[in-house]
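The file coords-v4.pdb comes next; it holds PDB, C-alpha atoms.
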```pdb
ATOM      1  CA  MET A 272       3.408  -8.263-159.523  1.00  0.00           C
ATOM      2  CA  ILE A 273       2.859 -10.683-156.667  1.00  0.00           C
ATOM      3  CA  VAL A 274       0.864  -9.474-153.668  1.00  0.00           C
ATOM      4  CA  ILE A 275       0.472 -11.548-150.516  1.00  0.00           C
ATOM      5  CA  ASP A 276      -2.468 -10.607-148.294  1.00  0.00           C
ATOM      6  CA  ALA A 277      -1.502 -11.421-144.707  1.00  0.00           C
ATOM      7  CA  ALA A 278      -5.155 -11.028-143.637  1.00  0.00           C
ATOM      8  CA  SER A 279      -6.398 -13.591-146.153  1.00  0.00           C
ATOM      9  CA  PRO A 280      -7.558 -17.001-144.938  1.00  0.00           C
ATOM     10  CA  VAL A 281      -5.704 -18.460-147.950  1.00  0.00           C
ATOM     11  CA  PRO A 282      -2.212 -19.610-146.911  1.00  0.00           C
ATOM     12  CA  PRO A 283       0.643 -17.486-148.318  1.00  0.00           C
ATOM     13  CA  PHE A 284       2.147 -20.384-150.289  1.00  0.00           C
ATOM     14  CA  GLU A 285      -1.221 -20.888-152.039  1.00  0.00           C
ATOM     15  CA  GLN A 286      -1.585 -17.175-152.772  1.00  0.00           C
ATOM     16  CA  LEU A 287       1.875 -17.205-154.341  1.00  0.00           C
ATOM     17  CA  ARG A 288       1.286 -20.457-156.234  1.00  0.00           C
ATOM     18  CA  ALA A 289      -2.051 -19.249-157.623  1.00  0.00           C
ATOM     19  CA  GLN A 290      -0.676 -15.872-158.708  1.00  0.00           C
ATOM     20  CA  LEU A 291       2.338 -17.406-160.451  1.00  0.00           C
ATOM     21  CA  ALA A 292       0.144 -20.057-162.106  1.00  0.00           C
ATOM     22  CA  ARG A 293      -2.205 -17.340-163.365  1.00  0.00           C
ATOM     23  CA  GLN A 294       0.721 -15.327-164.757  1.00  0.00           C
ATOM     24  CA  ILE A 295       2.042 -18.423-166.522  1.00  0.00           C
ATOM     25  CA  GLN A 296      -1.375 -19.349-167.915  1.00  0.00           C
ATOM     26  CA  ASP A 297      -2.138 -15.855-169.195  1.00  0.00           C
ATOM     27  CA  ARG A 298       1.413 -15.678-170.579  1.00  0.00           C
ATOM     28  CA  THR A 299       2.464 -12.704-168.450  1.00  0.00           C
ATOM     29  CA  LEU A 300       5.349 -15.041-167.646  1.00  0.00           C
ATOM     30  CA  ALA A 301       6.497 -16.495-170.961  1.00  0.00           C
ATOM     31  CA  VAL A 302       7.790 -19.999-171.545  1.00  0.00           C
ATOM     32  CA  GLY A 303      11.472 -20.017-170.637  1.00  0.00           C
ATOM     33  CA  ALA A 304      11.249 -16.989-168.323  1.00  0.00           C
ATOM     34  CA  ARG A 305      13.568 -17.331-165.333  1.00  0.00           C
ATOM     35  CA  LEU A 306      11.854 -17.005-161.963  1.00  0.00           C
ATOM     36  CA  PRO A 307      13.497 -15.270-159.020  1.00  0.00           C
ATOM     37  CA  THR A 308      15.429 -17.529-156.699  1.00  0.00           C
ATOM     38  CA  ILE A 309      13.451 -18.861-153.769  1.00  0.00           C
ATOM     39  CA  ARG A 310      15.528 -16.851-151.319  1.00  0.00           C
ATOM     40  CA  HIS A 311      15.235 -13.649-153.326  1.00  0.00           C
ATOM     41  CA  LEU A 312      11.467 -13.920-153.773  1.00  0.00           C
ATOM     42  CA  ALA A 313      11.008 -14.831-150.102  1.00  0.00           C
ATOM     43  CA  ALA A 314      12.957 -11.719-149.082  1.00  0.00           C
ATOM     44  CA  ASP A 315      11.024  -9.508-151.533  1.00  0.00           C
ATOM     45  CA  LEU A 316       7.654 -10.751-150.281  1.00  0.00           C
ATOM     46  CA  GLY A 317       8.570 -11.023-146.606  1.00  0.00           C
ATOM     47  CA  LEU A 318       7.863 -14.759-146.597  1.00  0.00           C
ATOM     48  CA  ALA A 319       9.748 -17.707-145.204  1.00  0.00           C
ATOM     49  CA  VAL A 320      12.016 -19.487-147.679  1.00  0.00           C
ATOM     50  CA  ASN A 321      10.082 -22.734-147.084  1.00  0.00           C
ATOM     51  CA  THR A 322       6.823 -20.991-148.026  1.00  0.00           C
ATOM     52  CA  VAL A 323       8.171 -19.939-151.419  1.00  0.00           C
ATOM     53  CA  GLY A 324       9.835 -23.330-151.832  1.00  0.00           C
ATOM     54  CA  ARG A 325       6.506 -25.079-151.315  1.00  0.00           C
ATOM     55  CA  ALA A 326       4.815 -22.867-153.930  1.00  0.00           C
ATOM     56  CA  TYR A 327       7.625 -23.588-156.417  1.00  0.00           C
ATOM     57  CA  ARG A 328       7.437 -27.358-155.718  1.00  0.00           C
ATOM     58  CA  GLU A 329       3.693 -27.377-156.361  1.00  0.00           C
ATOM     59  CA  LEU A 330       4.155 -25.409-159.587  1.00  0.00           C
ATOM     60  CA  GLU A 331       6.821 -27.885-160.643  1.00  0.00           C
ATOM     61  CA  GLU A 332       4.581 -30.864-159.826  1.00  0.00           C
ATOM     62  CA  ALA A 333       1.863 -29.254-161.975  1.00  0.00           C
ATOM     63  CA  GLY A 334       4.348 -28.958-164.844  1.00  0.00           C
ATOM     64  CA  LEU A 335       4.201 -25.165-164.931  1.00  0.00           C
ATOM     65  CA  ILE A 336       7.823 -24.599-163.971  1.00  0.00           C
ATOM     66  CA  GLU A 337      11.013 -26.633-164.085  1.00  0.00           C
ATOM     67  CA  THR A 338      14.073 -26.352-161.893  1.00  0.00           C
ATOM     68  CA  ARG A 339      17.445 -26.724-163.552  1.00  0.00           C
ATOM     69  CA  GLY A 340      19.668 -27.173-160.540  1.00  0.00           C
ATOM     70  CA  ARG A 341      21.828 -24.158-159.792  1.00  0.00           C
ATOM     71  CA  ALA A 342      20.643 -22.442-162.997  1.00  0.00           C
ATOM     72  CA  GLY A 343      17.307 -21.745-161.300  1.00  0.00           C
ATOM     73  CA  SER A 344      13.630 -22.195-162.010  1.00  0.00           C
ATOM     74  CA  PHE A 345      12.023 -21.430-165.356  1.00  0.00           C
ATOM     75  CA  VAL A 346       8.538 -21.365-166.846  1.00  0.00           C
ATOM     76  CA  SER A 347       8.076 -24.742-168.491  1.00  0.00           C
ATOM     77  CA  ALA A 348       6.873 -25.398-172.011  1.00  0.00           C
ATOM     78  CA  ALA A 349       4.908 -28.317-170.527  1.00  0.00           C
ATOM     79  CA  GLY A 350       2.259 -25.870-169.301  1.00  0.00           C
ATOM     80  CA  GLN A 351       1.705 -24.699-172.867  1.00  0.00           C
ATOM     81  CA  GLU A 352       1.705 -28.278-174.125  1.00  0.00           C
ATOM     82  CA  GLY A 353      -0.875 -29.203-171.495  1.00  0.00           C
ATOM     83  CA  ARG A 354      -3.092 -26.311-172.542  1.00  0.00           C
ATOM     84  CA  GLU A 355      -2.895 -27.429-176.182  1.00  0.00           C
ATOM     85  CA  ARG A 356      -3.692 -31.015-175.189  1.00  0.00           C
ATOM     86  CA  ALA A 357      -6.745 -29.792-173.229  1.00  0.00           C
ATOM     87  CA  ARG A 358      -7.868 -27.692-176.214  1.00  0.00           C
ATOM     88  CA  ARG A 359      -7.667 -30.732-178.508  1.00  0.00           C
ATOM     89  CA  ALA A 360      -9.576 -32.870-175.989  1.00  0.00           C
ATOM     90  CA  ALA A 361     -12.270 -30.187-175.769  1.00  0.00           C
ATOM     91  CA  ALA A 362     -12.591 -30.093-179.556  1.00  0.00           C
ATOM     92  CA  ASP A 363     -12.893 -33.889-179.639  1.00  0.00           C
ATOM     93  CA  TYR A 364     -15.517 -33.770-176.869  1.00  0.00           C
ATOM     94  CA  ALA A 365     -17.498 -31.098-178.737  1.00  0.00           C
ATOM     95  CA  ALA A 366     -17.540 -33.338-181.820  1.00  0.00           C
ATOM     96  CA  VAL A 367     -18.832 -36.291-179.751  1.00  0.00           C
ATOM     97  CA  ILE A 368     -21.539 -34.110-178.178  1.00  0.00           C
ATOM     98  CA  ALA A 369     -22.664 -32.920-181.603  1.00  0.00           C
ATOM     99  CA  SER A 370     -22.699 -36.483-182.976  1.00  0.00           C
ATOM    100  CA  VAL A 371     -24.932 -37.790-180.164  1.00  0.00           C
ATOM    101  CA  GLY A 372     -27.238 -34.769-180.237  1.00  0.00           C
ATOM    102  CA  LEU A 373     -26.748 -33.391-176.729  1.00  0.00           C
ATOM    103  CA  ASP A 374     -27.203 -29.680-176.153  1.00  0.00           C
ATOM    104  CA  ALA A 375     -24.462 -27.410-174.806  1.00  0.00           C
ATOM    105  CA  ALA A 376     -26.034 -27.122-171.347  1.00  0.00           C
ATOM    106  CA  GLU A 377     -26.042 -30.905-170.889  1.00  0.00           C
ATOM    107  CA  ALA A 378     -22.494 -31.157-172.259  1.00  0.00           C
ATOM    108  CA  LEU A 379     -21.310 -28.574-169.736  1.00  0.00           C
ATOM    109  CA  ARG A 380     -23.034 -30.411-166.866  1.00  0.00           C
ATOM    110  CA  ILE A 381     -21.214 -33.583-167.888  1.00  0.00           C
ATOM    111  CA  VAL A 382     -17.864 -31.762-167.926  1.00  0.00           C
ATOM    112  CA  GLN A 383     -18.545 -30.095-164.569  1.00  0.00           C
ATOM    113  CA  ALA A 384     -19.384 -33.467-163.018  1.00  0.00           C
ATOM    114  CA  ALA A 385     -16.229 -35.006-164.475  1.00  0.00           C
ATOM    115  CA  LEU A 386     -14.099 -32.140-163.189  1.00  0.00           C
ATOM    116  CA  ALA A 387     -15.665 -32.391-159.734  1.00  0.00           C
ATOM    117  CA  ALA A 388     -15.073 -36.152-159.677  1.00  0.00           C
ATOM    118  CA  GLY A 389     -11.481 -35.646-160.834  1.00  0.00           C
ATOM    119  CA  ALA A 390     -10.837 -33.048-158.143  1.00  0.00           C
ATOM    120  CA  ALA A 391     -12.242 -35.377-155.470  1.00  0.00           C
ATOM    121  CA  ALA A 392     -10.218 -38.391-156.635  1.00  0.00           C
ATOM    122  CA  PRO A 393      -6.749 -38.927-155.172  1.00  0.00           C
ATOM    123  CA  ALA A 394      -3.882 -38.291-157.565  1.00  0.00           C
ATOM    124  CA  SER A 395      -2.672 -41.424-159.290  1.00  0.00           C
ATOM    125  CA  PRO A 396       0.972 -42.414-158.724  1.00  0.00           C
TER     126      PRO A 396
END
```
This entry written out as structure tokens:
Amino acid sequence: MIVIDAASPVPPFEQLRAQLARQIQDRTLAVGARLPTIRHLAADLGLAVNTVGRAYRELEEAGLIETRGRAGSFVSAAGQEGRERARRAAADYAAVIASVGLDAAEALRIVQAALAAGAAAPASP
């Protein structure tokens, strides 16, 4: 269930995007599940069509959903593939950390710094 808090300082499109992303990531919305049309979801939530459209576009850019023209928008398998790729990278990183003798706390600090740097860097074209 999607709930938009009109009193929240978080913009409605971001509330919607975050809730849908969470449902996709925790598999509440399964790969291949059809999402409501933009117009239908906008009407259900009392949002502008452009607000829902922006949330869907951002989810599509993140690879979590795909739009198939008039057939609609669906949960993408790419999100699952990305999660598996991240899991493999984490396992590889853990092996490197063990081989160089760093402790878990230091390894986590390195990851946190890398994530912070990645979030601050502009997206590459």
Inset, instruction - Report the residues retrieved by the PyMOL selection byres ((chain A and resi 301) around 12) from the displayed file, expressed as a list in words. - result: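 Output from the PyMOL selection byres ((chain A and resi 301) around 12), applied to this file: Leu291, Ala292, Arg293, Gln294, Ile295, Gln296, Asp297, Arg298, Thr299, Leu300, Val302, Gly303, Ala304, Arg305, Leu306, Leu335, Ile336, Phe345, Val346, Ser347, Ala348, Ala349, Gly350 and Gln351 of chain A.
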Inset, instruction - Could you check how far atom CA of Glu377 of chain A sits from atom CA of Gly389 of chain A, in Å to one decimal? - result: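 About the pair atom CA of Glu377 of chain A and atom CA of Gly389 of chain A: they are 18.3 Å apart.
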Legend entry - Distance of atom CA of Val281 of chain A from atom CA of Ala319 of chain A, expressed in Å to one decimal place: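 Between atom CA of Ala319 of chain A and atom CA of Val281 of chain A the gap is 15.7 Å.
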Put the listed atoms of segment 305-316 of chain A in a box along x, y and z with 4 Å added on every side and give me the centre and edge lengths in Å to one decimal, as AutoDock Vina command-line options.
```
--center_x 11.6 --center_y -14.2 --center_z -157.2 --size_x 15.9 --size_y 17.4 --size_z 24.3
```
Inset, instruction - Work out how far atom CA of Arg341 of chain A is from atom CA of Val320 of chain A, in Å to one decimal. - result: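 About the pair atom CA of Val320 of chain A and atom CA of Arg341 of chain A: they are 16.3 Å apart.
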Inset, instruction - For each of A:Phe284, A:Ala384, A:Glu352, A:Tyr364, take the minimum atom-to-atom distance to Arg328 of chain A, counting all atoms listed in the file, then give the residue where this is smallest. - result: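 When distances to Arg328 of chain A are compared using all atoms listed in the file, the smallest one comes from A:Phe284.
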Inset, instruction - Find the spatial neighbours of Leu318 of chain A, counting all atoms listed in the file, within a cut-off of 12 Å - ignore same-chain residues fewer than 2 positions away - and output them as a list in words. - result: Ile273, Val274, Ile275, Asp276, Ala277, Pro282, Pro283, Phe284, Gln286, Leu287, Ile309, Arg310, His311, Leu312, Ala313, Ala314, Asp315, Leu316, Val320, Asn321, Thr322, Val323, Gly324, Arg325 and Ala326 of chain A
